[in-house]
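Quick look at data07.tsv (TSV, N, CA and C atoms):
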chain	number	residue	atom	x	y	z
L	19	MET	N	8.23	-31.49	0.21
L	19	MET	CA	9.48	-30.77	0.21
L	19	MET	C	9.34	-29.42	-0.50
L	20	PHE	N	8.68	-29.42	-1.66
L	20	PHE	CA	8.51	-28.18	-2.41
L	20	PHE	C	7.72	-27.16	-1.62
L	21	ASP	N	6.67	-27.60	-0.93
L	21	ASP	CA	5.85	-26.65	-0.17
L	21	ASP	C	6.65	-26.04	0.97
L	22	PHE	N	7.56	-26.79	1.57
L	22	PHE	CA	8.41	-26.25	2.63
L	22	PHE	C	9.34	-25.17	2.09
L	23	LEU	N	9.97	-25.44	0.94
L	23	LEU	CA	10.85	-24.44	0.33
L	23	LEU	C	10.07	-23.21	-0.09
L	24	GLU	N	8.88	-23.43	-0.63
L	24	GLU	CA	8.04	-22.31	-1.04
L	24	GLU	C	7.66	-21.45	0.17
L	25	ASP	N	7.35	-22.09	1.28
L	25	ASP	CA	7.04	-21.35	2.51
L	25	ASP	C	8.24	-20.53	2.98
L	26	MET	N	9.42	-21.13	2.92
L	26	MET	CA	10.62	-20.42	3.36
L	26	MET	C	10.88	-19.20	2.50
L	27	PHE	N	10.79	-19.35	1.17
L	27	PHE	CA	11.03	-18.22	0.28
L	27	PHE	C	9.94	-17.16	0.41
L	28	LEU	N	8.72	-17.58	0.66
L	28	LEU	CA	7.63	-16.63	0.86
L	28	LEU	C	7.89	-15.79	2.12
L	29	ALA	N	8.29	-16.45	3.20
L	29	ALA	CA	8.58	-15.73	4.44
L	29	ALA	C	9.78	-14.81	4.26
L	30	LEU	N	10.82	-15.29	3.59
L	30	LEU	CA	12.01	-14.46	3.36
L	30	LEU	C	11.66	-13.24	2.51
L	31	ARG	N	10.90	-13.44	1.48
L	31	ARG	CA	10.47	-12.33	0.61
L	31	ARG	C	9.65	-11.31	1.40
L	32	PHE	N	8.74	-11.80	2.25
L	32	PHE	CA	7.92	-10.91	3.07
L	32	PHE	C	8.78	-10.07	4.01
L	33	ILE	N	9.74	-10.70	4.66
L	33	ILE	CA	10.60	-10.00	5.62
L	33	ILE	C	11.42	-8.92	4.90
L	34	ILE	N	12.02	-9.28	3.77
L	34	ILE	CA	12.82	-8.30	3.02
L	34	ILE	C	11.95	-7.14	2.55
L	35	GLN	N	10.80	-7.44	1.99
L	35	GLN	CA	9.89	-6.41	1.49
L	35	GLN	C	9.43	-5.50	2.64
L	36	PHE	N	9.05	-6.09	3.75
L	36	PHE	CA	8.53	-5.31	4.87
L	36	PHE	C	9.61	-4.41	5.47
L	37	MET	N	10.83	-4.92	5.58
L	37	MET	CA	11.91	-4.13	6.18
L	37	MET	C	12.37	-2.99	5.27
L	38	THR	N	12.28	-3.16	3.96
L	38	THR	CA	12.78	-2.13	3.05
L	38	THR	C	11.70	-1.17	2.57
L	39	HIS	N	10.49	-1.67	2.32
L	39	HIS	CA	9.45	-0.82	1.72
L	39	HIS	C	8.13	-0.79	2.50
L	40	GLY	N	8.01	-1.54	3.56
L	40	GLY	CA	6.76	-1.60	4.29
L	40	GLY	C	5.83	-2.67	3.72
L	41	LEU	N	4.61	-2.65	4.18
L	41	LEU	CA	3.64	-3.67	3.79
L	41	LEU	C	3.04	-3.35	2.42
L	42	SER	N	3.03	-4.32	1.56
L	42	SER	CA	2.38	-4.22	0.26
L	42	SER	C	1.07	-4.99	0.34
L	43	ILE	N	-0.04	-4.30	0.19
L	43	ILE	CA	-1.35	-4.95	0.30
L	43	ILE	C	-1.53	-6.01	-0.78
L	44	THR	N	-1.15	-5.67	-2.02
L	44	THR	CA	-1.31	-6.65	-3.10
L	44	THR	C	-0.40	-7.86	-2.88
L	45	GLY	N	0.78	-7.63	-2.33
L	45	GLY	CA	1.69	-8.73	-2.01
L	45	GLY	C	1.15	-9.59	-0.89
L	46	ALA	N	0.54	-8.94	0.12
L	46	ALA	CA	-0.04	-9.70	1.23
L	46	ALA	C	-1.21	-10.56	0.75
L	47	VAL	N	-2.01	-10.01	-0.16
L	47	VAL	CA	-3.14	-10.78	-0.70
L	47	VAL	C	-2.60	-11.98	-1.50
L	48	ALA	N	-1.61	-11.74	-2.35
L	48	ALA	CA	-1.03	-12.83	-3.14
L	48	ALA	C	-0.40	-13.89	-2.24
L	49	ALA	N	0.29	-13.46	-1.20
L	49	ALA	CA	0.91	-14.40	-0.27
L	49	ALA	C	-0.15	-15.21	0.48
L	50	SER	N	-1.25	-14.58	0.85
L	50	SER	CA	-2.32	-15.28	1.55
L	50	SER	C	-2.95	-16.35	0.66
L	51	ILE	N	-3.15	-16.01	-0.60
L	51	ILE	CA	-3.71	-16.99	-1.53
L	51	ILE	C	-2.72	-18.12	-1.76
L	52	GLU	N	-1.43	-17.79	-1.80
L	52	GLU	CA	-0.41	-18.82	-1.96
L	52	GLU	C	-0.37	-19.78	-0.77
L	53	VAL	N	-0.51	-19.24	0.43
L	53	VAL	CA	-0.55	-20.09	1.62
L	53	VAL	C	-1.79	-21.00	1.57
L	54	LEU	N	-2.91	-20.46	1.15
L	54	LEU	CA	-4.11	-21.27	1.00
L	54	LEU	C	-3.88	-22.40	-0.01
L	55	GLN	N	-3.23	-22.08	-1.11
L	55	GLN	CA	-2.94	-23.09	-2.13
L	55	GLN	C	-2.01	-24.17	-1.58
L	56	ILE	N	-1.03	-23.77	-0.81
L	56	ILE	CA	-0.10	-24.73	-0.20
L	56	ILE	C	-0.86	-25.66	0.75
L	57	LEU	N	-1.73	-25.09	1.56
L	57	LEU	CA	-2.52	-25.90	2.49
L	57	LEU	C	-3.44	-26.88	1.75
L	58	LEU	N	-4.04	-26.41	0.67
L	58	LEU	CA	-4.88	-27.30	-0.14
L	58	LEU	C	-4.04	-28.42	-0.76
L	59	GLY	N	-2.83	-28.10	-1.19
L	59	GLY	CA	-1.95	-29.12	-1.74
L	59	GLY	C	-1.54	-30.16	-0.71
L	60	ILE	N	-1.24	-29.70	0.49
L	60	ILE	CA	-0.90	-30.64	1.57
L	60	ILE	C	-2.10	-31.52	1.88
L	61	TYR	N	-3.27	-30.92	1.98
L	61	TYR	CA	-4.50	-31.68	2.22
L	61	TYR	C	-4.70	-32.72	1.11
L	62	GLY	N	-4.51	-32.31	-0.13
L	62	GLY	CA	-4.71	-33.22	-1.25
L	62	GLY	C	-3.73	-34.37	-1.28
L	63	SER	N	-2.52	-34.13	-0.79
L	63	SER	CA	-1.52	-35.20	-0.79
L	63	SER	C	-1.69	-36.16	0.39
L	64	LYS	N	-2.34	-35.71	1.45
L	64	LYS	CA	-2.47	-36.53	2.66
L	64	LYS	C	-3.79	-37.29	2.75
L	65	VAL	N	-4.88	-36.70	2.24
L	65	VAL	CA	-6.21	-37.29	2.38
L	65	VAL	C	-6.53	-38.12	1.14
L	66	LYS	N	-6.94	-39.36	1.36
L	66	LYS	CA	-7.26	-40.23	0.22
L	66	LYS	C	-8.62	-39.91	-0.39
L	67	LYS	N	-9.62	-39.67	0.43
L	67	LYS	CA	-10.96	-39.33	-0.06
L	67	LYS	C	-11.14	-37.82	0.06
L	68	LYS	N	-10.87	-37.11	-1.03
L	68	LYS	CA	-10.91	-35.66	-1.00
L	68	LYS	C	-12.28	-35.09	-1.32
L	69	GLY	N	-13.12	-35.85	-1.93
L	69	GLY	CA	-14.40	-35.32	-2.37
L	69	GLY	C	-14.30	-34.86	-3.81
L	70	LYS	N	-15.44	-34.66	-4.45
L	70	LYS	CA	-15.40	-34.39	-5.88
L	70	LYS	C	-15.10	-32.93	-6.23
L	71	TYR	N	-15.17	-32.02	-5.27
L	71	TYR	CA	-14.94	-30.61	-5.56
L	71	TYR	C	-13.54	-30.13	-5.22
L	72	TRP	N	-12.74	-30.99	-4.63
L	72	TRP	CA	-11.41	-30.57	-4.20
L	72	TRP	C	-10.55	-30.08	-5.37
L	73	LEU	N	-10.52	-30.83	-6.46
L	73	LEU	CA	-9.68	-30.46	-7.59
L	73	LEU	C	-10.16	-29.15	-8.23
L	74	ILE	N	-11.45	-28.95	-8.29
L	74	ILE	CA	-12.00	-27.71	-8.84
L	74	ILE	C	-11.57	-26.53	-7.97
L	75	ILE	N	-11.67	-26.68	-6.67
L	75	ILE	CA	-11.26	-25.62	-5.74
L	75	ILE	C	-9.76	-25.35	-5.87
L	76	HIS	N	-8.97	-26.42	-5.94
L	76	HIS	CA	-7.52	-26.29	-6.04
L	76	HIS	C	-7.13	-25.54	-7.33
L	77	ARG	N	-7.78	-25.85	-8.43
L	77	ARG	CA	-7.48	-25.17	-9.70
L	77	ARG	C	-7.99	-23.73	-9.70
L	78	THR	N	-9.12	-23.48	-9.06
L	78	THR	CA	-9.65	-22.12	-8.97
L	78	THR	C	-8.71	-21.24	-8.15
L	79	ILE	N	-8.21	-21.77	-7.04
L	79	ILE	CA	-7.27	-21.03	-6.21
L	79	ILE	C	-5.98	-20.75	-6.99
L	80	ALA	N	-5.55	-21.70	-7.83
L	80	ALA	CA	-4.35	-21.49	-8.65
L	80	ALA	C	-4.57	-20.33	-9.62
L	81	ALA	N	-5.74	-20.26	-10.24
L	81	ALA	CA	-6.04	-19.15	-11.16
L	81	ALA	C	-6.09	-17.83	-10.39
L	82	MET	N	-6.69	-17.84	-9.21
L	82	MET	CA	-6.75	-16.63	-8.38
L	82	MET	C	-5.35	-16.18	-7.98
L	83	LEU	N	-4.47	-17.15	-7.69
L	83	LEU	CA	-3.10	-16.83	-7.32
L	83	LEU	C	-2.37	-16.17	-8.50
L	84	LEU	N	-2.55	-16.69	-9.69
L	84	LEU	CA	-1.91	-16.11	-10.87
L	84	LEU	C	-2.37	-14.66	-11.06
L	85	ILE	N	-3.66	-14.43	-10.95
L	85	ILE	CA	-4.20	-13.07	-11.10
L	85	ILE	C	-3.65	-12.15	-10.01
L	86	ALA	N	-3.60	-12.62	-8.77
L	86	ALA	CA	-3.10	-11.82	-7.66
L	86	ALA	C	-1.63	-11.47	-7.87
L	87	ILE	N	-0.83	-12.42	-8.35
L	87	ILE	CA	0.59	-12.15	-8.61
L	87	ILE	C	0.74	-11.13	-9.73
L	88	LEU	N	-0.05	-11.28	-10.79
L	88	LEU	CA	0.04	-10.32	-11.89
L	88	LEU	C	-0.34	-8.92	-11.45
L	89	ILE	N	-1.36	-8.81	-10.62
L	89	ILE	CA	-1.74	-7.49	-10.08
L	89	ILE	C	-0.62	-6.93	-9.22
L	90	HIS	N	-0.01	-7.80	-8.42
L	90	HIS	CA	1.05	-7.38	-7.51
L	90	HIS	C	2.29	-6.87	-8.26
L	91	ILE	N	2.68	-7.54	-9.33
L	91	ILE	CA	3.93	-7.14	-10.01
L	91	ILE	C	3.72	-6.00	-11.01
L	92	GLU	N	2.48	-5.64	-11.27
L	92	GLU	CA	2.23	-4.57	-12.23
L	92	GLU	C	2.61	-3.24	-11.70
Could you render the structure from this file as C-alpha coordinates?
Amino acid sequence: MFDFLEDMFLALRFIIQFMTHGLSITGAVAASIEVLQILLGIYGSKVKKKGKYWLIIHRTIAAMLLIAILIHIE
(Lines of atoms letter the chains of each structure in order from A and count residues from 1; the text may use other names and numbers.)
(Lines give C-alpha, C1' and ligand atoms only; values in the text may rest on other atoms or scores of the structure.)
Protein backbone atom coordinates (compact mmCIF):
# COMPACT_ATOMS: atom_id res chain seq x y z
CA MET A 1 0.00 0.00 0.00
CA PHE A 2 2.77 2.45 0.92
CA ASP A 3 4.61 1.87 -2.36
CA PHE A 4 1.42 2.61 -4.31
CA LEU A 5 0.90 5.91 -2.48
CA GLU A 6 4.56 6.77 -2.92
CA ASP A 7 4.26 6.11 -6.67
CA MET A 8 1.18 8.32 -6.89
CA PHE A 9 2.84 11.23 -5.08
CA LEU A 10 6.02 10.81 -7.12
CA ALA A 11 4.03 11.00 -10.37
CA LEU A 12 2.00 13.97 -9.11
CA ARG A 13 5.15 15.81 -8.04
CA PHE A 14 6.77 15.12 -11.42
CA ILE A 15 3.74 16.43 -13.35
CA ILE A 16 3.50 19.61 -11.27
CA GLN A 17 7.25 20.26 -11.50
CA PHE A 18 7.37 19.60 -15.25
CA MET A 19 4.36 21.79 -16.03
CA THR A 20 5.58 24.75 -13.97
CA HIS A 21 9.39 24.67 -14.22
CA GLY A 22 10.35 22.05 -16.79
CA LEU A 23 12.51 18.99 -16.25
CA SER A 24 14.85 18.94 -13.27
CA ILE A 25 17.75 16.57 -13.94
CA THR A 26 18.55 16.12 -10.25
CA GLY A 27 14.87 15.47 -9.54
CA ALA A 28 14.67 12.94 -12.36
CA VAL A 29 17.74 11.13 -11.00
CA ALA A 30 16.28 11.08 -7.48
CA ALA A 31 12.92 9.86 -8.80
CA SER A 32 14.61 7.10 -10.81
CA ILE A 33 16.50 5.89 -7.76
CA GLU A 34 13.27 6.01 -5.76
CA VAL A 35 11.49 3.87 -8.35
CA LEU A 36 14.37 1.40 -8.21
CA GLN A 37 14.06 1.30 -4.41
CA ILE A 38 10.31 0.71 -4.67
CA LEU A 39 10.85 -2.16 -7.10
CA LEU A 40 13.47 -3.69 -4.82
CA GLY A 41 11.05 -3.40 -1.90
CA ILE A 42 8.29 -5.12 -3.86
CA TYR A 43 10.72 -7.85 -4.87
CA GLY A 44 11.82 -8.27 -1.26
CA SER A 45 8.27 -8.57 0.00
CA LYS A 46 7.20 -11.10 -2.66
CA VAL A 47 10.23 -13.40 -3.03
CA LYS A 48 11.03 -15.75 -0.16
CA LYS A 49 14.59 -16.64 -1.24
CA LYS A 50 16.16 -13.27 -1.99
CA GLY A 51 19.80 -14.23 -1.83
CA LYS A 52 22.41 -12.94 0.55
CA TYR A 53 23.15 -9.64 -1.23
CA TRP A 54 19.60 -8.34 -1.54
CA LEU A 55 19.57 -6.49 1.79
CA ILE A 56 22.97 -4.91 1.10
CA ILE A 57 21.76 -3.69 -2.30
CA HIS A 58 18.49 -2.42 -0.80
CA ARG A 59 20.34 -0.44 1.89
CA THR A 60 22.89 0.91 -0.61
CA ILE A 61 20.10 2.16 -2.86
CA ALA A 62 18.48 3.81 0.19
CA ALA A 63 21.73 5.70 0.92
CA MET A 64 22.02 6.70 -2.75
CA LEU A 65 18.42 7.94 -2.65
CA LEU A 66 19.12 10.09 0.40
CA ILE A 67 22.17 11.64 -1.28
CA ALA A 68 20.23 12.23 -4.52
CA ILE A 69 17.39 13.94 -2.63
CA LEU A 70 19.82 16.14 -0.71
CA ILE A 71 21.53 17.18 -3.94
CA HIS A 72 18.13 17.85 -5.52
CA ILE A 73 16.80 20.10 -2.73
CA GLU A 74 20.02 22.09 -2.34
- Message: Using DSSP assignments from the backbone, pull out every residue in chain L that falls under helix (DSSP H, G or I) and give it to me as a PyMOL selection string.
- Response: chain L and resi 20-39+43-64+72-91
All residues 7 Å or closer to region 46-54 of chain L, only N, CA and C atoms, same chain fewer than 6 positions away omitted, as an mmCIF file with N, CA and C atoms, in the frame of the given file:
data_model
loop_
_atom_site.group_PDB
_atom_site.id
_atom_site.type_symbol
_atom_site.label_atom_id
_atom_site.label_comp_id
_atom_site.auth_asym_id
_atom_site.auth_seq_id
_atom_site.Cartn_x
_atom_site.Cartn_y
_atom_site.Cartn_z
ATOM 1 N N ILE L 79 -8.210 -21.770 -7.040
ATOM 2 C CA ILE L 79 -7.270 -21.030 -6.210
ATOM 3 C C ILE L 79 -5.980 -20.750 -6.990
ATOM 4 N N MET L 82 -6.690 -17.840 -9.210
ATOM 5 C CA MET L 82 -6.750 -16.630 -8.380
ATOM 6 C C MET L 82 -5.350 -16.180 -7.980
ATOM 7 N N LEU L 83 -4.470 -17.150 -7.690
ATOM 8 C CA LEU L 83 -3.100 -16.830 -7.320
ATOM 9 C C LEU L 83 -2.370 -16.170 -8.500
ATOM 10 N N ALA L 86 -3.600 -12.620 -8.770
ATOM 11 C CA ALA L 86 -3.100 -11.820 -7.660
ATOM 12 C C ALA L 86 -1.630 -11.470 -7.870
ATOM 13 N N ILE L 87 -0.830 -12.420 -8.350
ATOM 14 C CA ILE L 87 0.590 -12.150 -8.610
ATOM 15 C C ILE L 87 0.740 -11.130 -9.730
#
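Between CA of Ile56 (chain L) and atom N of Gly40 (chain L) lies a distance of 24.9 Å.
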Determine, counting only C-alpha atoms, which protein, DNA and RNA residues have an atom within 9 Å of an atom of Leu73 (chain L); residues of the same chain fewer than 5 positions away are not included. Present the result as a PDB file with N, CA and C atoms, in the coordinates of the input.
ATOM      1  N   GLY L  62      -4.510 -32.310  -0.130  1.00  0.00           N
ATOM      2  CA  GLY L  62      -4.710 -33.220  -1.250  1.00  0.00           C
ATOM      3  C   GLY L  62      -3.730 -34.370  -1.280  1.00  0.00           C
ATOM      4  N   LYS L  68     -10.870 -37.110  -1.030  1.00  0.00           N
ATOM      5  CA  LYS L  68     -10.910 -35.660  -1.000  1.00  0.00           C
ATOM      6  C   LYS L  68     -12.280 -35.090  -1.320  1.00  0.00           C
ATOM      7  N   THR L  78      -9.120 -23.480  -9.060  1.00  0.00           N
ATOM      8  CA  THR L  78      -9.650 -22.120  -8.970  1.00  0.00           C
ATOM      9  C   THR L  78      -8.710 -21.240  -8.150  1.00  0.00           C
TER      10      THR L  78
END
- Item | d(atom C of Lys66 (chain L), atom N of Ala80 (chain L)) in Å | 19.9 Å
